[in-house]
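Q: Take a look at the following structure, please.
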Amino acid sequence: MRGQYFKTQIYPKKDYDVQQFRHLLPEPILDNKELIDLYWFTVECAFSHAKEVVKPSKLIADYQDSAFNQNLFLWDSAFISRFTVFFNDFLPGIRTLDNFYHIQHETGLIPREIHKITGEDYPKWTNDQGLPLHSFFHLRYRYRGLNQVETHDLLKFYDLKRQPKEVCPYTLDTLNHPIFGYAEYQHYLHTGDAKRLAFIHDALYHHYDALYEHLRHTSNLFVTDWASLDNSTRNEKLFLGIDISSEMVMLANDLIKIYTILQLDCFDDRIARLKADKEKISYAIQHYMWDPHTHFFYDLDEHMNRIMIKTIAGFWPMIAGICTMEQVEYLTSWLLDPHTFYRTNVVPSLAADEKGYDPRGGYWRGGVWASTNLMVTDGLERYGKHQIAKHLALKYLNGVAKVYQDTHTLWELYPADELSKGDSDHSDFVGWTGIGPILYLIQYQLGLKADAINHTLYWTIDTTQKRIGMKRFRFLGCQADLYATIDEHAITVNIDTKDSFQCTFIIDERKHTYAIHGTTTLTIKRSNI
């Protein structure tokens, strides 16, 4: 039975008219009109892409459209939820994922795409013939070639060196990027909504269990074909993916965190299994995929040889927590190297010194994508590289802002070597491009980040500004107007709220923690005087 691991939720009917709700939405305070204009344009696009389910349909919840084609995409939806969380009372963001859980196969597998009207599987990626694990159109995806592939005459089969217990109901094309746990855990960190974790955790575990069964090679690494990096130069030899292998560690980690939050002692066996699995997978990634000479993580071919092509996928081990600090230093040096990943815009999906790099974007042959940028900055944050994460995030945000000024819209991706739309042909892309103008603006330009684990709102105040803040900011079940004025001697903070919460201000790299109870005014002396 489809969807048996998910406790279906019923949501009240919503209206997605942004003008009706604009006076209720979070409003940034910043002396930068270009970024403010970009923010509101992005918000309006996000509301225009919030869709109501039209019955009959297998979809059960309104959704945030991936803004690409007729389908909803798993990893697009997961990344979109990272910025729609700020509008959780107004947009369906995280609830989009309910539609994937509802059509979850009885094996536990969840396809990467479902039709956004009918809720049906994409038919070309169902294994109706009962064949061994295979890819439907390996290497035949040429930029936008999916719908032109009509026959099964060139299937690619994948030898796991072990026999799964049952035939995989899908082709490998639709089994990649298991990042539901990432989206759900990050959503919890901002909202503190443990109730949602309670009704999705079983779907996540069975998804993990099914991928472990159907995609695991005897090396304890995981097979993939093109893994949504559709035309990447790595694909010609790709067999074991650094991205999906790292993401399986992420999913195990996120499940362990979720069980801990929910205090579900009844799942101790699952937690023990997940801990053991992630240790084995992490060891295999370190042993096979890290190259000690070039200091980078690579995919593997069918002969277990490293595919020596530096792609954005090589940074997934950071966000998964697999790296040593020495490896993080090496990966950071690649990110700051102008000959590879530190270009006019950051971070390109293919290093600039690799064969096939396209300075105009070229989709996954050098294009700059909001999703993988967030993967990189979240990875840097995990290892305490806040300043570098902030620098890369704001460099990307300001690049997007410049192109918005020129084209009056947002694009699916951007070229790395010029501030233009490059060869991107999807405009008004919100879509995951909303990560920059909304999430990066709030987290890095305004400095606001909630943390449900520590029950704290962190506010890193940019002392180069004169004034900064956010009206109607929602976090951890609270709402507040936050406003700071900065001079060379002190920061004056005004917080207008009816709620109580803990707030830690980070000013000149020093932390100041206060218990906020209702409307509060604070004066915090600068540490540099």
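By order of appearance in the structure tokens: chains A, B, ..., then residues from 1 within every chain, and ligands from 1 in the order shown.
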Region 342-423 of chain A near region 428-450 of chain A within 6 Å: what's each residue's closest atom pair and its distance in Å to one decimal, counting only C-alpha atoms, ordered by chain then ascending residue number, as a tab-separated table?

A:
residue	atom	partner	partner_atom	distance
A:Ala370	CA	A:Thr433	CA	5.3
A:Lys390	CA	A:Tyr444	CA	5.8
A:Leu397	CA	A:Gly436	CA	5.1
A:Thr409	CA	A:Asp428	CA	5.4
A:Leu410	CA	A:Asp428	CA	4.9
A:Trp411	CA	A:Phe429	CA	5.2
A:Glu412	CA	A:Phe429	CA	5.4

Q: Would you put the residues from that selection into a file with N, CA and C atoms, as a tab-separated table (two decimals), in the first residue's frame?

A:
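The resulting file, out_6.tsv, is reproduced below:
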chain	number	residue	atom	x	y	z
A	370	ALA	N	21.67	27.72	-6.66
A	370	ALA	CA	21.36	28.07	-5.27
A	370	ALA	C	21.40	26.85	-4.36
A	390	LYS	N	29.63	32.99	5.16
A	390	LYS	CA	28.98	34.28	4.96
A	390	LYS	C	29.53	34.98	3.72
A	397	LEU	N	24.61	36.24	-3.29
A	397	LEU	CA	23.43	37.09	-3.19
A	397	LEU	C	23.62	38.39	-3.97
A	409	THR	N	14.37	39.85	-13.10
A	409	THR	CA	13.85	38.55	-12.73
A	409	THR	C	14.96	37.70	-12.12
A	410	LEU	N	14.59	36.51	-11.67
A	410	LEU	CA	15.53	35.52	-11.15
A	410	LEU	C	15.63	34.36	-12.12
A	411	TRP	N	16.78	33.67	-12.09
A	411	TRP	CA	17.04	32.62	-13.07
A	411	TRP	C	17.33	31.29	-12.37
A	412	GLU	N	17.13	30.22	-13.12
A	412	GLU	CA	17.34	28.87	-12.58
A	412	GLU	C	18.78	28.68	-12.11

Q: Fewer than 6 positions away in the same chain doesn't count, so skip those; otherwise give me all residues within 10 Å of Pro348 (chain A), counting only C-alpha atoms, as a list in words.

A: Thr311, Ile312, Leu335, Thr340, Phe341, Tyr342, Tyr357, Asp358, Pro359, Gly361, Tyr363, Trp364, Arg365, Gly366, Gly367, Val368, Trp369, Thr372, Asn373, Leu413, Tyr414, Pro415, Ala416 and Asp417 of chain A

Q: Find the residues around region 112-121 of chain A up to 8 Å (only C-alpha atoms counted), leave out those fewer than 5 positions away in its own chain, and share them as a PyMOL selection string.

A: chain A and resi 53-54+56-59+65+70-75+99-100+103+126+174-177

Q: With C-alpha atoms kept, could you save the residues just selected as a CSV table (one decimal), in the first residue's frame?

A:
chain,number,residue,atom,x,y,z
A,53,VAL,CA,-4.3,20.7,-5.2
A,54,VAL,CA,-7.1,20.2,-7.7
A,56,PRO,CA,-9.0,14.2,-8.4
A,57,SER,CA,-5.3,13.9,-7.6
A,58,LYS,CA,-3.0,11.6,-5.6
A,59,LEU,CA,-1.6,14.8,-4.1
A,65,ASP,CA,5.9,24.5,-7.3
A,70,GLN,CA,5.0,19.6,-15.1
A,71,ASN,CA,6.5,17.7,-12.1
A,72,LEU,CA,7.4,18.3,-8.5
A,73,PHE,CA,11.0,17.5,-7.7
A,74,LEU,CA,12.2,15.9,-4.5
A,75,TRP,CA,15.4,17.8,-4.0
A,99,ASN,CA,2.9,14.6,-1.3
A,100,PHE,CA,6.1,12.5,-1.7
A,103,ILE,CA,2.9,8.2,-2.6
A,126,THR,CA,8.9,2.8,-13.2
A,174,THR,CA,14.5,8.5,-10.0
A,175,LEU,CA,16.4,7.3,-6.9
A,176,ASN,CA,18.8,10.0,-5.8
A,177,HIS,CA,19.3,12.8,-3.3

Q: Please provide as a PDB file with C-alpha atoms, in the first residue's frame all residues within 7 Å of region 457-471 of chain A, with the sequence filter that same-chain residues fewer than 3 positions apart are discarded (counting only C-alpha atoms).

A:
ATOM      1  CA  PRO A  26       8.457  39.313   7.553  1.00  0.00           C
ATOM      2  CA  GLU A  27       9.912  42.641   6.398  1.00  0.00           C
ATOM      3  CA  PRO A  28      13.675  43.233   6.337  1.00  0.00           C
ATOM      4  CA  ILE A  29      15.120  46.493   7.626  1.00  0.00           C
ATOM      5  CA  LEU A  30      18.306  47.379   5.750  1.00  0.00           C
ATOM      6  CA  LEU A 446      20.554  40.454   8.615  1.00  0.00           C
ATOM      7  CA  GLY A 447      22.289  37.817  10.759  1.00  0.00           C
ATOM      8  CA  LEU A 448      19.203  36.027  12.131  1.00  0.00           C
ATOM      9  CA  LYS A 449      19.151  32.291  12.814  1.00  0.00           C
ATOM     10  CA  ALA A 450      16.908  30.302  15.173  1.00  0.00           C
ATOM     11  CA  ASP A 451      18.019  27.121  16.920  1.00  0.00           C
ATOM     12  CA  ALA A 480       8.992  39.790  17.101  1.00  0.00           C
ATOM     13  CA  ASP A 481       9.940  43.079  15.512  1.00  0.00           C
ATOM     14  CA  LEU A 482      13.727  43.296  15.786  1.00  0.00           C
ATOM     15  CA  TYR A 483      15.545  46.574  15.234  1.00  0.00           C
ATOM     16  CA  ALA A 484      19.157  47.562  15.906  1.00  0.00           C
ATOM     17  CA  THR A 485      20.983  50.856  15.457  1.00  0.00           C
ATOM     18  CA  ILE A 486      24.755  50.785  15.417  1.00  0.00           C
ATOM     19  CA  ASP A 487      27.372  53.386  16.211  1.00  0.00           C
ATOM     20  CA  GLN A 502      16.327  33.671  24.673  1.00  0.00           C
ATOM     21  CA  CYS A 503      18.354  35.809  22.281  1.00  0.00           C
ATOM     22  CA  THR A 504      22.112  35.647  21.830  1.00  0.00           C
ATOM     23  CA  PHE A 505      23.605  38.698  20.122  1.00  0.00           C
ATOM     24  CA  ILE A 506      26.936  38.190  18.360  1.00  0.00           C
ATOM     25  CA  ILE A 507      28.654  41.558  18.093  1.00  0.00           C
TER      26      ILE A 507
END

Q: By how many Å are CA of Phe68 (chain A) and CA of Phe21 (chain A) apart?

A: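 Between CA of Phe68 (chain A) and CA of Phe21 (chain A) the gap works out to 25.7 Å.
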
Q: Step one, run DSSP on the backbone; step two, keep only residues of region 17-139 of chain A assigned to helix (DSSP H, G or I); then write them as a PyMOL selection string.

A: chain A and resi 18-24+33-48+74-87+93-102+123-125

Q: Run DSSP on the backbone and give me the residues of region 270-473 of chain A it puts in strand (DSSP E or B), as a list in words.

A: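 Selecting the strand (DSSP E or B) positions of region 270-473 of chain A gives Trp290, Asp291, Phe296, Phe297, Leu300, Arg306, Thr311, Pro348, Leu350, Val368, Trp411, Tyr414, Ser427, Leu448, Lys449, Ala450, Asp451, Thr456, Leu457, Tyr458, Trp459, Thr460, Arg467, Ile468, Gly469, Met470, Lys471, Arg472 and Phe473 of chain A.
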
Q: Can I get the residues of region 69-149 of chain A within 10 Å of region 192-210 of chain A, each with the closest pair of atoms and their distance in Å to one decimal, using only C-alpha atoms, sorted chain first then ascending number, as JSON lines?

A:
{"residue": "A:Ile94", "atom": "CA", "partner": "A:Arg196", "partner_atom": "CA", "distance": 9.8}
{"residue": "A:Arg95", "atom": "CA", "partner": "A:Arg196", "partner_atom": "CA", "distance": 9.8}
{"residue": "A:Leu97", "atom": "CA", "partner": "A:Ile200", "partner_atom": "CA", "distance": 9.6}
{"residue": "A:Asp98", "atom": "CA", "partner": "A:Ile200", "partner_atom": "CA", "distance": 8.4}
{"residue": "A:Phe100", "atom": "CA", "partner": "A:Ala203", "partner_atom": "CA", "distance": 9.7}
{"residue": "A:Tyr101", "atom": "CA", "partner": "A:Ala203", "partner_atom": "CA", "distance": 6.4}
{"residue": "A:His102", "atom": "CA", "partner": "A:Ala203", "partner_atom": "CA", "distance": 9.1}
{"residue": "A:Gln104", "atom": "CA", "partner": "A:Ala203", "partner_atom": "CA", "distance": 7.8}
{"residue": "A:His105", "atom": "CA", "partner": "A:His207", "partner_atom": "CA", "distance": 9.0}
{"residue": "A:Glu106", "atom": "CA", "partner": "A:His206", "partner_atom": "CA", "distance": 9.0}
{"residue": "A:Thr107", "atom": "CA", "partner": "A:Ala210", "partner_atom": "CA", "distance": 6.2}
{"residue": "A:Gly108", "atom": "CA", "partner": "A:His207", "partner_atom": "CA", "distance": 4.6}
{"residue": "A:Leu109", "atom": "CA", "partner": "A:His207", "partner_atom": "CA", "distance": 5.2}
{"residue": "A:Ile110", "atom": "CA", "partner": "A:His207", "partner_atom": "CA", "distance": 6.7}

Q: I'd like the neighbourhood of region 304-308 of chain A as a list of chain:residue names, where a residue qualifies if any of its atoms comes within 9 Å (using only C-alpha atoms), though same-chain residues fewer than 3 positions away should be ignored.

A: A:Arg234, A:Lys237, A:Leu238, A:Phe239, A:Leu240, A:Tyr288, A:Met289, A:Trp290, A:Asp291, A:Phe297, A:Tyr298, A:Asp299, A:Leu300, A:Asp301

Q: What does the distance from CA of Pro111 (chain A) to CA of Ala67 (chain A) come to in Å, to one decimal?

A: 18.0 Å

Q: Name the closest residue to Glu44 (chain A) among the candidates A:Ser66, A:Asn127, A:Gln19, A:Asn231; distances are taken between atoms, counting only C-alpha atoms.

A: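 Closest to Glu44 (chain A), using only C-alpha atoms: A:Gln19.
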
Q: In Å, rounded to a single decimal, give me how far CA of Arg360 (chain A) is from CA of Asp225 (chain A).

A: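 The value is 24.8 Å.
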
Q: For Lys385 (chain A), which residue out of A:Ala452, A:Val346, A:Leu331, A:Val403 is the nearest one, using only C-alpha atoms?

A: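 For Lys385 (chain A), the nearest of the given residues is A:Leu331.
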